[in-house]
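Enquirer: Got work.pdb for you, PDB, C-alpha atoms:
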ATOM      1  CA  MET N   1       5.023  12.192 -15.311  1.00  0.00           C
ATOM      2  CA  ARG N   2       8.596  11.109 -15.625  1.00  0.00           C
ATOM      3  CA  PRO N   3      10.826  13.467 -13.569  1.00  0.00           C
ATOM      4  CA  VAL N   4      12.891  15.953 -15.560  1.00  0.00           C
ATOM      5  CA  THR N   5      16.003  18.018 -14.952  1.00  0.00           C
ATOM      6  CA  LEU N   6      16.155  21.666 -15.993  1.00  0.00           C
ATOM      7  CA  GLY N   7      19.239  23.813 -16.324  1.00  0.00           C
ATOM      8  CA  THR N   8      20.042  27.501 -16.344  1.00  0.00           C
ATOM      9  CA  GLU N   9      23.311  29.369 -16.662  1.00  0.00           C
ATOM     10  CA  ARG N  10      24.110  28.926 -12.960  1.00  0.00           C
ATOM     11  CA  LEU N  11      21.695  26.274 -11.709  1.00  0.00           C
ATOM     12  CA  VAL N  12      20.533  22.690 -12.018  1.00  0.00           C
ATOM     13  CA  LEU N  13      16.912  21.941 -11.098  1.00  0.00           C
ATOM     14  CA  ARG N  14      16.232  18.271 -10.457  1.00  0.00           C
ATOM     15  CA  PRO N  15      14.021  16.127  -8.260  1.00  0.00           C
ATOM     16  CA  PHE N  16      15.446  15.701  -4.787  1.00  0.00           C
ATOM     17  CA  GLU N  17      17.439  12.522  -4.159  1.00  0.00           C
ATOM     18  CA  PRO N  18      18.123  10.626  -0.914  1.00  0.00           C
ATOM     19  CA  GLN N  19      21.544  12.254  -0.456  1.00  0.00           C
ATOM     20  CA  ASP N  20      19.793  15.667  -0.321  1.00  0.00           C
ATOM     21  CA  VAL N  21      17.998  14.929   2.973  1.00  0.00           C
ATOM     22  CA  PRO N  22      20.694  16.492   5.226  1.00  0.00           C
ATOM     23  CA  ALA N  23      20.851  19.708   3.149  1.00  0.00           C
ATOM     24  CA  VAL N  24      17.046  20.052   3.062  1.00  0.00           C
ATOM     25  CA  HIS N  25      16.859  19.467   6.811  1.00  0.00           C
ATOM     26  CA  ALA N  26      19.595  22.049   7.486  1.00  0.00           C
ATOM     27  CA  ALA N  27      18.051  24.695   5.188  1.00  0.00           C
ATOM     28  CA  CYS N  28      14.629  24.288   6.772  1.00  0.00           C
ATOM     29  CA  GLN N  29      15.955  25.210  10.226  1.00  0.00           C
ATOM     30  CA  ASP N  30      15.854  28.835   9.061  1.00  0.00           C
ATOM     31  CA  PRO N  31      13.233  30.780  11.048  1.00  0.00           C
ATOM     32  CA  ASP N  32      12.198  32.713   7.912  1.00  0.00           C
ATOM     33  CA  ILE N  33      11.431  29.521   5.983  1.00  0.00           C
ATOM     34  CA  LEU N  34       9.430  28.214   8.932  1.00  0.00           C
ATOM     35  CA  ARG N  35       7.645  31.559   9.344  1.00  0.00           C
ATOM     36  CA  TRP N  36       6.459  31.874   5.757  1.00  0.00           C
ATOM     37  CA  THR N  37       5.852  28.273   4.669  1.00  0.00           C
ATOM     38  CA  THR N  38       3.568  25.544   5.925  1.00  0.00           C
ATOM     39  CA  LEU N  39       6.433  23.252   6.927  1.00  0.00           C
ATOM     40  CA  PRO N  40       6.171  21.514  10.297  1.00  0.00           C
ATOM     41  CA  GLU N  41       7.826  23.294  13.212  1.00  0.00           C
ATOM     42  CA  PRO N  42      10.149  22.101  14.540  1.00  0.00           C
ATOM     43  CA  TYR N  43      11.354  20.743  11.204  1.00  0.00           C
ATOM     44  CA  GLU N  44      12.946  17.414  12.016  1.00  0.00           C
ATOM     45  CA  ARG N  45      15.088  15.106   9.900  1.00  0.00           C
ATOM     46  CA  ARG N  46      12.101  12.788   9.462  1.00  0.00           C
ATOM     47  CA  HIS N  47      10.190  15.648   7.786  1.00  0.00           C
ATOM     48  CA  ALA N  48      13.013  16.144   5.281  1.00  0.00           C
ATOM     49  CA  GLN N  49      13.110  12.408   4.644  1.00  0.00           C
ATOM     50  CA  GLU N  50       9.344  12.290   4.052  1.00  0.00           C
ATOM     51  CA  PHE N  51       9.511  15.217   1.627  1.00  0.00           C
ATOM     52  CA  VAL N  52      12.530  13.937  -0.316  1.00  0.00           C
ATOM     53  CA  LEU N  53      11.772  10.207  -0.319  1.00  0.00           C
ATOM     54  CA  ASN N  54       7.962  10.107  -0.479  1.00  0.00           C
ATOM     55  CA  ILE N  55       6.127  13.378  -1.134  1.00  0.00           C
ATOM     56  CA  GLY N  56       8.321  14.547  -4.027  1.00  0.00           C
ATOM     57  CA  PRO N  57       8.358  11.232  -5.926  1.00  0.00           C
ATOM     58  CA  ALA N  58       4.600  10.740  -5.379  1.00  0.00           C
ATOM     59  CA  GLY N  59       3.853  14.142  -6.921  1.00  0.00           C
ATOM     60  CA  TRP N  60       5.789  13.280 -10.075  1.00  0.00           C
ATOM     61  CA  ARG N  61       4.307   9.780 -10.248  1.00  0.00           C
ATOM     62  CA  GLU N  62       0.704  10.958  -9.714  1.00  0.00           C
ATOM     63  CA  ASP N  63       1.019  14.090 -11.886  1.00  0.00           C
ATOM     64  CA  THR N  64      -0.061  16.324  -8.992  1.00  0.00           C
ATOM     65  CA  ALA N  65       3.112  18.225  -8.022  1.00  0.00           C
ATOM     66  CA  TYR N  66       6.537  18.658  -9.552  1.00  0.00           C
ATOM     67  CA  ASN N  67       9.120  19.553  -6.920  1.00  0.00           C
ATOM     68  CA  PHE N  68      12.649  20.472  -7.923  1.00  0.00           C
ATOM     69  CA  GLY N  69      15.692  20.843  -5.770  1.00  0.00           C
ATOM     70  CA  VAL N  70      17.541  23.934  -6.950  1.00  0.00           C
ATOM     71  CA  PHE N  71      21.317  23.492  -6.905  1.00  0.00           C
ATOM     72  CA  THR N  72      24.299  25.547  -8.006  1.00  0.00           C
ATOM     73  CA  ARG N  73      26.358  23.980 -10.773  1.00  0.00           C
ATOM     74  CA  ASP N  74      28.799  22.769  -8.093  1.00  0.00           C
ATOM     75  CA  GLY N  75      25.988  20.922  -6.270  1.00  0.00           C
ATOM     76  CA  GLU N  76      25.166  23.258  -3.376  1.00  0.00           C
ATOM     77  CA  LEU N  77      21.475  23.389  -2.386  1.00  0.00           C
ATOM     78  CA  THR N  78      19.965  26.761  -3.180  1.00  0.00           C
ATOM     79  CA  GLY N  79      16.329  25.971  -2.437  1.00  0.00           C
ATOM     80  CA  SER N  80      13.186  24.210  -3.498  1.00  0.00           C
ATOM     81  CA  MET N  81      10.931  25.154  -6.399  1.00  0.00           C
ATOM     82  CA  GLY N  82       7.736  23.388  -7.283  1.00  0.00           C
ATOM     83  CA  LEU N  83       4.554  23.374  -9.246  1.00  0.00           C
ATOM     84  CA  VAL N  84       1.635  22.344  -7.058  1.00  0.00           C
ATOM     85  CA  ARG N  85      -2.144  22.220  -7.375  1.00  0.00           C
ATOM     86  CA  ILE N  86      -1.756  21.229 -11.022  1.00  0.00           C
ATOM     87  CA  THR N  87      -5.019  20.701 -12.845  1.00  0.00           C
ATOM     88  CA  PRO N  88      -5.307  17.816 -15.310  1.00  0.00           C
ATOM     89  CA  PRO N  89      -4.680  18.522 -19.006  1.00  0.00           C
ATOM     90  CA  GLY N  90      -7.781  19.633 -20.873  1.00  0.00           C
ATOM     91  CA  PRO N  91      -8.978  21.712 -23.805  1.00  0.00           C
ATOM     92  CA  GLU N  92      -8.696  24.937 -21.778  1.00  0.00           C
ATOM     93  CA  GLY N  93      -5.141  24.153 -20.698  1.00  0.00           C
ATOM     94  CA  ARG N  94      -3.854  23.595 -17.213  1.00  0.00           C
ATOM     95  CA  LEU N  95      -3.487  25.740 -14.114  1.00  0.00           C
ATOM     96  CA  ALA N  96      -0.676  25.386 -11.613  1.00  0.00           C
ATOM     97  CA  GLU N  97       0.705  27.168  -8.570  1.00  0.00           C
ATOM     98  CA  LEU N  98       4.381  28.043  -8.174  1.00  0.00           C
ATOM     99  CA  GLY N  99       5.896  27.690  -4.713  1.00  0.00           C
ATOM    100  CA  TYR N 100       9.451  28.062  -3.467  1.00  0.00           C
ATOM    101  CA  TRP N 101      11.815  28.588  -0.593  1.00  0.00           C
ATOM    102  CA  THR N 102      15.450  29.662  -0.685  1.00  0.00           C
ATOM    103  CA  ALA N 103      18.240  28.719   1.715  1.00  0.00           C
ATOM    104  CA  ARG N 104      19.268  31.722   3.803  1.00  0.00           C
ATOM    105  CA  GLU N 105      22.879  31.773   2.600  1.00  0.00           C
ATOM    106  CA  ARG N 106      21.761  31.760  -1.068  1.00  0.00           C
ATOM    107  CA  ARG N 107      19.334  34.698  -0.908  1.00  0.00           C
ATOM    108  CA  GLY N 108      19.978  37.968  -2.684  1.00  0.00           C
ATOM    109  CA  ARG N 109      21.834  36.442  -5.646  1.00  0.00           C
ATOM    110  CA  GLY N 110      18.923  36.090  -8.085  1.00  0.00           C
ATOM    111  CA  TYR N 111      18.917  32.284  -7.917  1.00  0.00           C
ATOM    112  CA  THR N 112      15.231  31.994  -7.092  1.00  0.00           C
ATOM    113  CA  VAL N 113      14.131  34.226  -9.981  1.00  0.00           C
ATOM    114  CA  GLU N 114      16.464  32.340 -12.335  1.00  0.00           C
ATOM    115  CA  ALA N 115      15.029  28.986 -11.240  1.00  0.00           C
ATOM    116  CA  ALA N 116      11.448  30.266 -11.406  1.00  0.00           C
ATOM    117  CA  ARG N 117      11.965  31.455 -14.992  1.00  0.00           C
ATOM    118  CA  ALA N 118      13.094  27.979 -15.988  1.00  0.00           C
ATOM    119  CA  VAL N 119      10.139  26.304 -14.272  1.00  0.00           C
ATOM    120  CA  ALA N 120       7.623  28.798 -15.705  1.00  0.00           C
ATOM    121  CA  ASP N 121       8.951  28.348 -19.238  1.00  0.00           C
ATOM    122  CA  TRP N 122       8.855  24.553 -18.823  1.00  0.00           C
ATOM    123  CA  ALA N 123       5.293  24.764 -17.454  1.00  0.00           C
ATOM    124  CA  PHE N 124       4.077  26.908 -20.346  1.00  0.00           C
ATOM    125  CA  GLY N 125       5.983  25.001 -23.013  1.00  0.00           C
ATOM    126  CA  GLU N 126       5.937  21.347 -21.988  1.00  0.00           C
ATOM    127  CA  LEU N 127       2.932  21.126 -19.680  1.00  0.00           C
ATOM    128  CA  GLY N 128       0.506  23.448 -21.464  1.00  0.00           C
ATOM    129  CA  VAL N 129      -0.091  25.581 -18.364  1.00  0.00           C
ATOM    130  CA  GLU N 130      -2.313  28.543 -19.262  1.00  0.00           C
ATOM    131  CA  ARG N 131      -2.173  30.304 -15.890  1.00  0.00           C
ATOM    132  CA  LEU N 132       0.543  30.066 -13.281  1.00  0.00           C
ATOM    133  CA  GLU N 133      -0.509  31.294  -9.851  1.00  0.00           C
ATOM    134  CA  TRP N 134       1.495  32.436  -6.838  1.00  0.00           C
ATOM    135  CA  PHE N 135       0.169  32.791  -3.305  1.00  0.00           C
ATOM    136  CA  ALA N 136       1.980  34.004  -0.210  1.00  0.00           C
ATOM    137  CA  GLU N 137       0.856  35.161   3.179  1.00  0.00           C
ATOM    138  CA  ALA N 138       0.317  38.927   3.087  1.00  0.00           C
ATOM    139  CA  GLY N 139       3.506  40.452   4.419  1.00  0.00           C
ATOM    140  CA  ASN N 140       5.933  37.997   2.805  1.00  0.00           C
ATOM    141  CA  THR N 141       7.741  40.729   0.905  1.00  0.00           C
ATOM    142  CA  GLY N 142      10.688  38.517  -0.078  1.00  0.00           C
ATOM    143  CA  SER N 143       8.490  36.026  -1.902  1.00  0.00           C
ATOM    144  CA  ARG N 144       6.507  38.836  -3.485  1.00  0.00           C
ATOM    145  CA  ALA N 145       9.687  40.509  -4.763  1.00  0.00           C
ATOM    146  CA  VAL N 146      10.676  37.269  -6.506  1.00  0.00           C
ATOM    147  CA  ALA N 147       7.226  36.904  -8.084  1.00  0.00           C
ATOM    148  CA  GLU N 148       7.191  40.505  -9.300  1.00  0.00           C
ATOM    149  CA  ARG N 149      10.732  40.251 -10.739  1.00  0.00           C
ATOM    150  CA  LEU N 150       9.555  37.218 -12.670  1.00  0.00           C
ATOM    151  CA  GLY N 151       6.649  39.221 -14.120  1.00  0.00           C
ATOM    152  CA  PHE N 152       3.750  37.967 -12.017  1.00  0.00           C
ATOM    153  CA  VAL N 153       0.891  40.461 -11.854  1.00  0.00           C
ATOM    154  CA  VAL N 154      -0.363  40.927  -8.305  1.00  0.00           C
ATOM    155  CA  GLU N 155      -4.136  40.639  -8.399  1.00  0.00           C
ATOM    156  CA  GLY N 156      -5.021  41.361  -4.817  1.00  0.00           C
ATOM    157  CA  THR N 157      -5.390  40.049  -1.306  1.00  0.00           C
ATOM    158  CA  LEU N 158      -7.568  37.056  -0.519  1.00  0.00           C
ATOM    159  CA  ARG N 159      -9.015  37.074   2.956  1.00  0.00           C
ATOM    160  CA  ALA N 160      -8.434  33.979   5.096  1.00  0.00           C
ATOM    161  CA  ARG N 161      -6.881  32.090   2.145  1.00  0.00           C
ATOM    162  CA  ILE N 162      -4.082  30.338   4.057  1.00  0.00           C
ATOM    163  CA  ALA N 163      -4.553  28.047   7.035  1.00  0.00           C
ATOM    164  CA  PHE N 164      -1.388  28.348   9.118  1.00  0.00           C
ATOM    165  CA  ARG N 165      -0.691  26.949  12.570  1.00  0.00           C
ATOM    166  CA  GLY N 166      -4.271  27.123  13.790  1.00  0.00           C
ATOM    167  CA  THR N 167      -5.279  30.423  12.194  1.00  0.00           C
ATOM    168  CA  ARG N 168      -6.499  31.600   8.803  1.00  0.00           C
ATOM    169  CA  ARG N 169      -4.381  34.303   7.213  1.00  0.00           C
ATOM    170  CA  ASP N 170      -4.756  36.696   4.313  1.00  0.00           C
ATOM    171  CA  ALA N 171      -2.779  35.933   1.168  1.00  0.00           C
ATOM    172  CA  TRP N 172      -1.482  37.877  -1.764  1.00  0.00           C
ATOM    173  CA  VAL N 173      -2.320  36.328  -5.123  1.00  0.00           C
ATOM    174  CA  ALA N 174      -0.641  36.912  -8.462  1.00  0.00           C
ATOM    175  CA  SER N 175      -0.609  35.282 -11.868  1.00  0.00           C
ATOM    176  CA  LEU N 176       1.724  34.779 -14.771  1.00  0.00           C
ATOM    177  CA  LEU N 177       0.366  34.010 -18.227  1.00  0.00           C
ATOM    178  CA  PRO N 178       2.210  32.572 -21.226  1.00  0.00           C
ATOM    179  CA  SER N 179       1.931  35.983 -22.922  1.00  0.00           C
ATOM    180  CA  ASP N 180       3.789  37.560 -19.969  1.00  0.00           C
ATOM    181  CA  ARG N 181       6.773  35.392 -20.971  1.00  0.00           C
ATOM    182  CA  GLY N 182       6.459  36.118 -24.717  1.00  0.00           C
ATOM    183  CA  ARG N 183       4.607  32.892 -25.503  1.00  0.00           C
ATOM    184  CA  THR N 184       1.377  32.294 -27.348  1.00  0.00           C
ATOM    185  CA  ALA N 185      -1.283  30.570 -25.279  1.00  0.00           C
ATOM    186  CA  ALA N 186      -3.187  27.643 -26.731  1.00  0.00           C
ATOM    187  CA  VAL N 187      -6.447  29.181 -25.499  1.00  0.00           C
ATOM    188  CA  PRO N 188      -6.903  32.881 -26.364  1.00  0.00           C
ATOM    189  CA  TYR N 189      -7.196  35.304 -23.452  1.00  0.00           C
ATOM    190  CA  LEU N 190      -9.967  37.910 -23.549  1.00  0.00           C
ATOM    191  CA  PRO N 191      -9.313  40.450 -20.764  1.00  0.00           C
ATOM    192  CA  ALA N 192     -12.159  42.389 -19.216  1.00  0.00           C
ATOM    193  CA  PRO N 193     -12.763  45.779 -20.857  1.00  0.00           C
TER     194      PRO N 193
END
Write out the structure in this file as structure tokens.
Expert:
Amino acid sequence: MRPVTLGTERLVLRPFEPQDVPAVHAACQDPDILRWTTLPEPYERRHAQEFVLNIGPAGWREDTAYNFGVFTRDGELTGSMGLVRITPPGPEGRLAELGYWTARERRGRGYTVEAARAVADWAFGELGVERLEWFAEAGNTGSRAVAERLGFVVEGTLRARIAFRGTRRDAWVASLLPSDRGRTAAVPYLPAP
């Protein structure tokens, strides 16, 4: 897919560019980001370069992941927001997983929810996603708060879902459907009685 740029009232979401490497590297020194994500630790400049210069562009090119840098209108890095584990288009629609991290100094301002709304609406509208999933290690209350504010419905805890630094960990799972965002799904949903 050709990379796109999304905008909100306060934010610009765009694919990362080479000049973003220092800001990504600096943000990912935060112990909370390293604790709750599967980033390498220590997170070195070469890891930021690999993510920005290779992993991000490959996801767009191969239609497997769409990573956005989230920036304030004045260009300050707020975080990263991406759709991963995207299934190919088909008659039943697509599935995708939403993942994100937020720079420490940008937390608590609603930026992550604002960016996630834009990505979810783009996923449902432009990509034909029929189910957007969110996973986080059980205990990651910050990530869960963002998902719940966006309207994700927490469906439970999956045992041993996440492999993390040599152990398997339980994960919370939640979903967001087009109807949760006031949209009509291409494939009708028949909930269990």
Enquirer: Pick from N:Leu13, N:Ile55, N:Leu6, N:Leu127: nearest to Thr78 (chain N), with all atoms listed in the file counted?
Expert: N:Leu13
Enquirer: Please compute the CA of Met1 (chain N)-CA of Val84 (chain N) distance, one decimal, in Å.
Expert: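 Computing the Euclidean distance for CA of Met1 (chain N) and CA of Val84 (chain N) yields 13.5 Å.
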Enquirer: Grab the CA of Ala186 (chain N) to CA of Ser143 (chain N) distance for me, in Å with one decimal place.
Expert: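 A separation of 28.7 Å between them.
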Enquirer: Take every atom of region 43-53 of chain N listed in the file, pad by 4 Å on each side, and give me the axis-aligned box centre and edge lengths in Å, one decimal, as AutoDock Vina command-line options.
Expert:
--center_x 12.2 --center_y 15.5 --center_z 5.8 --size_x 13.7 --size_y 18.5 --size_z 20.3
Enquirer: Kindly indicate which residue among N:Glu137, N:Glu126, N:Glu9, N:Glu92 lies nearest to Arg35 (chain N), using only C-alpha atoms for the distances.
Expert: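 Among the listed residues, N:Glu137 lies closest to Arg35 (chain N).
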Enquirer: Using only C-alpha atoms, can you tell me which of N:Arg169, N:Arg104, N:Arg85, N:Arg109 comes closest to Val129 (chain N)?
Expert: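 The closest residue to Val129 (chain N) is N:Arg85.
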Enquirer: Env of Gln49 (chain N): 12 Å cut, atoms = all atoms listed in the file, seq-sep filter 6 positions within chain, self excluded. Answer as a PyMOL selection string.
Expert: chain N and resi 16-26+43+55-57
Enquirer: For the structure provided, state which residues fall under the PyMOL selection byres ((chain N and resi 136) around 6), and present them as a list of chain:residue names.
Expert: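 Matching residues under the PyMOL selection byres ((chain N and resi 136) around 6) are N:Phe135, N:Glu137, N:Ala171, N:Trp172.
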Enquirer: In Å to one decimal, how far is CA of Ala65 (chain N) from CA of Pro91 (chain N)?
Expert: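 Distance reported for this atom pair: 20.2 Å.
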Enquirer: Around the point (0.0, 28.3, -13.5) in the file's coordinates, collect all residues with an atom within 9 Å, using all atoms listed in the file, and return them as a PyMOL selection string.
Expert: chain N and resi 83-86+94-98+120+123-124+129-134+175-177
Enquirer: Write out as a VMD selection string which residues come within 8 Å of Thr5 (chain N) when counting only C-alpha atoms, dropping same-chain ones fewer than 6 positions away.
Expert: chain N and resid 12 to 15
Enquirer: Applying the PyMOL selection byres ((chain N and resi 115-117) around 8) to the file I just gave you, which residues come out? Please list them as a short mmCIF file (atom, residue, chain, number, x, y, z; two decimals) with C-alpha atoms, in the frame of the given file.
Expert:
data_model
loop_
_atom_site.label_atom_id
_atom_site.label_comp_id
_atom_site.auth_asym_id
_atom_site.auth_seq_id
_atom_site.Cartn_x
_atom_site.Cartn_y
_atom_site.Cartn_z
CA THR N 8 20.04 27.50 -16.34
CA LEU N 11 21.70 26.27 -11.71
CA LEU N 13 16.91 21.94 -11.10
CA VAL N 70 17.54 23.93 -6.95
CA MET N 81 10.93 25.15 -6.40
CA TYR N 111 18.92 32.28 -7.92
CA THR N 112 15.23 31.99 -7.09
CA VAL N 113 14.13 34.23 -9.98
CA GLU N 114 16.46 32.34 -12.34
CA ALA N 118 13.09 27.98 -15.99
CA VAL N 119 10.14 26.30 -14.27
CA ALA N 120 7.62 28.80 -15.70
CA ASP N 121 8.95 28.35 -19.24
CA LEU N 150 9.56 37.22 -12.67
#
Enquirer: Here is a test: counting all atoms listed in the file, which residue of N:Ala138, N:Ala145, N:Ala163, N:Val153 is nearest to Thr38 (chain N)?
Expert: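 Of N:Ala138, N:Ala145, N:Ala163, N:Val153, the one nearest Thr38 (chain N), counting all atoms listed in the file, is N:Ala163.
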Enquirer: Pull out every residue that the PyMOL selection byres ((chain N and resi 2) around 10) matches in the shown coordinates and put them as a PyMOL selection string.
Expert: chain N and resi 1+3-4+57+60-63+66
Enquirer: Hey, can you pull every residue with an atom no more than 7 Å from (18.5, 27.3, 4.7), using all atoms listed in the file, and send it as JSON, numbers by chain?
Expert: {"N": [26, 27, 28, 29, 30, 102, 103, 104, 105]}
Enquirer: With C-alpha atoms kept, could you save the residues just selected as a CSV table (one decimal), keeping the file's coordinate frame?
Expert:
chain,number,residue,atom,x,y,z
N,26,ALA,CA,19.6,22.0,7.5
N,27,ALA,CA,18.1,24.7,5.2
N,28,CYS,CA,14.6,24.3,6.8
N,29,GLN,CA,16.0,25.2,10.2
N,30,ASP,CA,15.9,28.8,9.1
N,102,THR,CA,15.4,29.7,-0.7
N,103,ALA,CA,18.2,28.7,1.7
N,104,ARG,CA,19.3,31.7,3.8
N,105,GLU,CA,22.9,31.8,2.6
Enquirer: Using all atoms listed in the file, find the one residue out of N:Thr87, N:Ser80, N:Ser179, N:Thr72 that sits nearest to Thr37 (chain N).
Expert: N:Ser80
Enquirer: Just checking: using all atoms listed in the file, which residue out of N:Asp32, N:Arg183, N:Thr64, N:Leu53 ends up closest to Pro88 (chain N)?
Expert: N:Thr64
Enquirer: Return region 16-24 of chain N, completed with all heavy atoms, as a PDB file, in the frame of the given file.
Expert:
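Contents of part-v4.pdb, freshly written:
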ATOM      1  N   PHE N  16      14.591  16.019  -5.927  1.00  0.00           N
ATOM      2  CA  PHE N  16      15.446  15.701  -4.787  1.00  0.00           C
ATOM      3  C   PHE N  16      15.776  14.225  -4.781  1.00  0.00           C
ATOM      4  O   PHE N  16      14.981  13.385  -5.216  1.00  0.00           O
ATOM      5  CB  PHE N  16      14.751  16.089  -3.478  1.00  0.00           C
ATOM      6  CG  PHE N  16      14.740  17.561  -3.206  1.00  0.00           C
ATOM      7  CD1 PHE N  16      13.574  18.292  -3.352  1.00  0.00           C
ATOM      8  CD2 PHE N  16      15.894  18.215  -2.790  1.00  0.00           C
ATOM      9  CE1 PHE N  16      13.555  19.654  -3.086  1.00  0.00           C
ATOM     10  CE2 PHE N  16      15.888  19.579  -2.528  1.00  0.00           C
ATOM     11  CZ  PHE N  16      14.712  20.295  -2.683  1.00  0.00           C
ATOM     12  N   GLU N  17      16.962  13.897  -4.265  1.00  0.00           N
ATOM     13  CA  GLU N  17      17.439  12.522  -4.159  1.00  0.00           C
ATOM     14  C   GLU N  17      17.782  12.237  -2.703  1.00  0.00           C
ATOM     15  O   GLU N  17      17.972  13.175  -1.906  1.00  0.00           O
ATOM     16  CB  GLU N  17      18.667  12.338  -5.057  1.00  0.00           C
ATOM     17  CG  GLU N  17      18.346  12.565  -6.528  1.00  0.00           C
ATOM     18  CD  GLU N  17      19.573  12.571  -7.428  1.00  0.00           C
ATOM     19  OE1 GLU N  17      20.720  12.522  -6.916  1.00  0.00           O
ATOM     20  OE2 GLU N  17      19.379  12.622  -8.661  1.00  0.00           O
ATOM     21  N   PRO N  18      17.878  10.962  -2.323  1.00  0.00           N
ATOM     22  CA  PRO N  18      18.123  10.626  -0.914  1.00  0.00           C
ATOM     23  C   PRO N  18      19.310  11.352  -0.285  1.00  0.00           C
ATOM     24  O   PRO N  18      19.233  11.764   0.882  1.00  0.00           O
ATOM     25  CB  PRO N  18      18.344   9.111  -0.949  1.00  0.00           C
ATOM     26  CG  PRO N  18      17.520   8.655  -2.116  1.00  0.00           C
ATOM     27  CD  PRO N  18      17.658   9.761  -3.139  1.00  0.00           C
ATOM     28  N   GLN N  19      20.381  11.577  -1.029  1.00  0.00           N
ATOM     29  CA  GLN N  19      21.544  12.254  -0.456  1.00  0.00           C
ATOM     30  C   GLN N  19      21.281  13.726  -0.145  1.00  0.00           C
ATOM     31  O   GLN N  19      22.097  14.376   0.519  1.00  0.00           O
ATOM     32  CB  GLN N  19      22.775  12.117  -1.369  1.00  0.00           C
ATOM     33  CG  GLN N  19      22.712  12.908  -2.652  1.00  0.00           C
ATOM     34  CD  GLN N  19      22.115  12.141  -3.814  1.00  0.00           C
ATOM     35  OE1 GLN N  19      21.434  11.132  -3.627  1.00  0.00           O
ATOM     36  NE2 GLN N  19      22.352  12.618  -5.030  1.00  0.00           N
ATOM     37  N   ASP N  20      20.134  14.266  -0.583  1.00  0.00           N
ATOM     38  CA  ASP N  20      19.793  15.667  -0.321  1.00  0.00           C
ATOM     39  C   ASP N  20      19.112  15.874   1.027  1.00  0.00           C
ATOM     40  O   ASP N  20      18.928  17.016   1.453  1.00  0.00           O
ATOM     41  CB  ASP N  20      18.875  16.203  -1.427  1.00  0.00           C
ATOM     42  CG  ASP N  20      19.488  16.120  -2.806  1.00  0.00           C
ATOM     43  OD1 ASP N  20      20.720  16.346  -2.927  1.00  0.00           O
ATOM     44  OD2 ASP N  20      18.751  15.822  -3.765  1.00  0.00           O
ATOM     45  N   VAL N  21      18.736  14.802   1.706  1.00  0.00           N
ATOM     46  CA  VAL N  21      17.998  14.929   2.973  1.00  0.00           C
ATOM     47  C   VAL N  21      18.737  15.823   3.975  1.00  0.00           C
ATOM     48  O   VAL N  21      18.129  16.746   4.543  1.00  0.00           O
ATOM     49  CB  VAL N  21      17.670  13.545   3.576  1.00  0.00           C
ATOM     50  CG1 VAL N  21      17.179  13.665   5.018  1.00  0.00           C
ATOM     51  CG2 VAL N  21      16.622  12.833   2.716  1.00  0.00           C
ATOM     52  N   PRO N  22      20.030  15.628   4.237  1.00  0.00           N
ATOM     53  CA  PRO N  22      20.694  16.492   5.226  1.00  0.00           C
ATOM     54  C   PRO N  22      20.668  17.976   4.849  1.00  0.00           C
ATOM     55  O   PRO N  22      20.455  18.835   5.716  1.00  0.00           O
ATOM     56  CB  PRO N  22      22.132  15.960   5.269  1.00  0.00           C
ATOM     57  CG  PRO N  22      22.042  14.554   4.798  1.00  0.00           C
ATOM     58  CD  PRO N  22      20.930  14.555   3.776  1.00  0.00           C
ATOM     59  N   ALA N  23      20.854  18.301   3.569  1.00  0.00           N
ATOM     60  CA  ALA N  23      20.851  19.708   3.149  1.00  0.00           C
ATOM     61  C   ALA N  23      19.454  20.319   3.266  1.00  0.00           C
ATOM     62  O   ALA N  23      19.312  21.481   3.681  1.00  0.00           O
ATOM     63  CB  ALA N  23      21.373  19.835   1.721  1.00  0.00           C
ATOM     64  N   VAL N  24      18.420  19.555   2.916  1.00  0.00           N
ATOM     65  CA  VAL N  24      17.046  20.052   3.062  1.00  0.00           C
ATOM     66  C   VAL N  24      16.740  20.280   4.536  1.00  0.00           C
ATOM     67  O   VAL N  24      16.196  21.327   4.918  1.00  0.00           O
ATOM     68  CB  VAL N  24      16.032  19.077   2.424  1.00  0.00           C
ATOM     69  CG1 VAL N  24      14.601  19.454   2.795  1.00  0.00           C
ATOM     70  CG2 VAL N  24      16.209  19.040   0.908  1.00  0.00           C
TER      71      VAL N  24
END
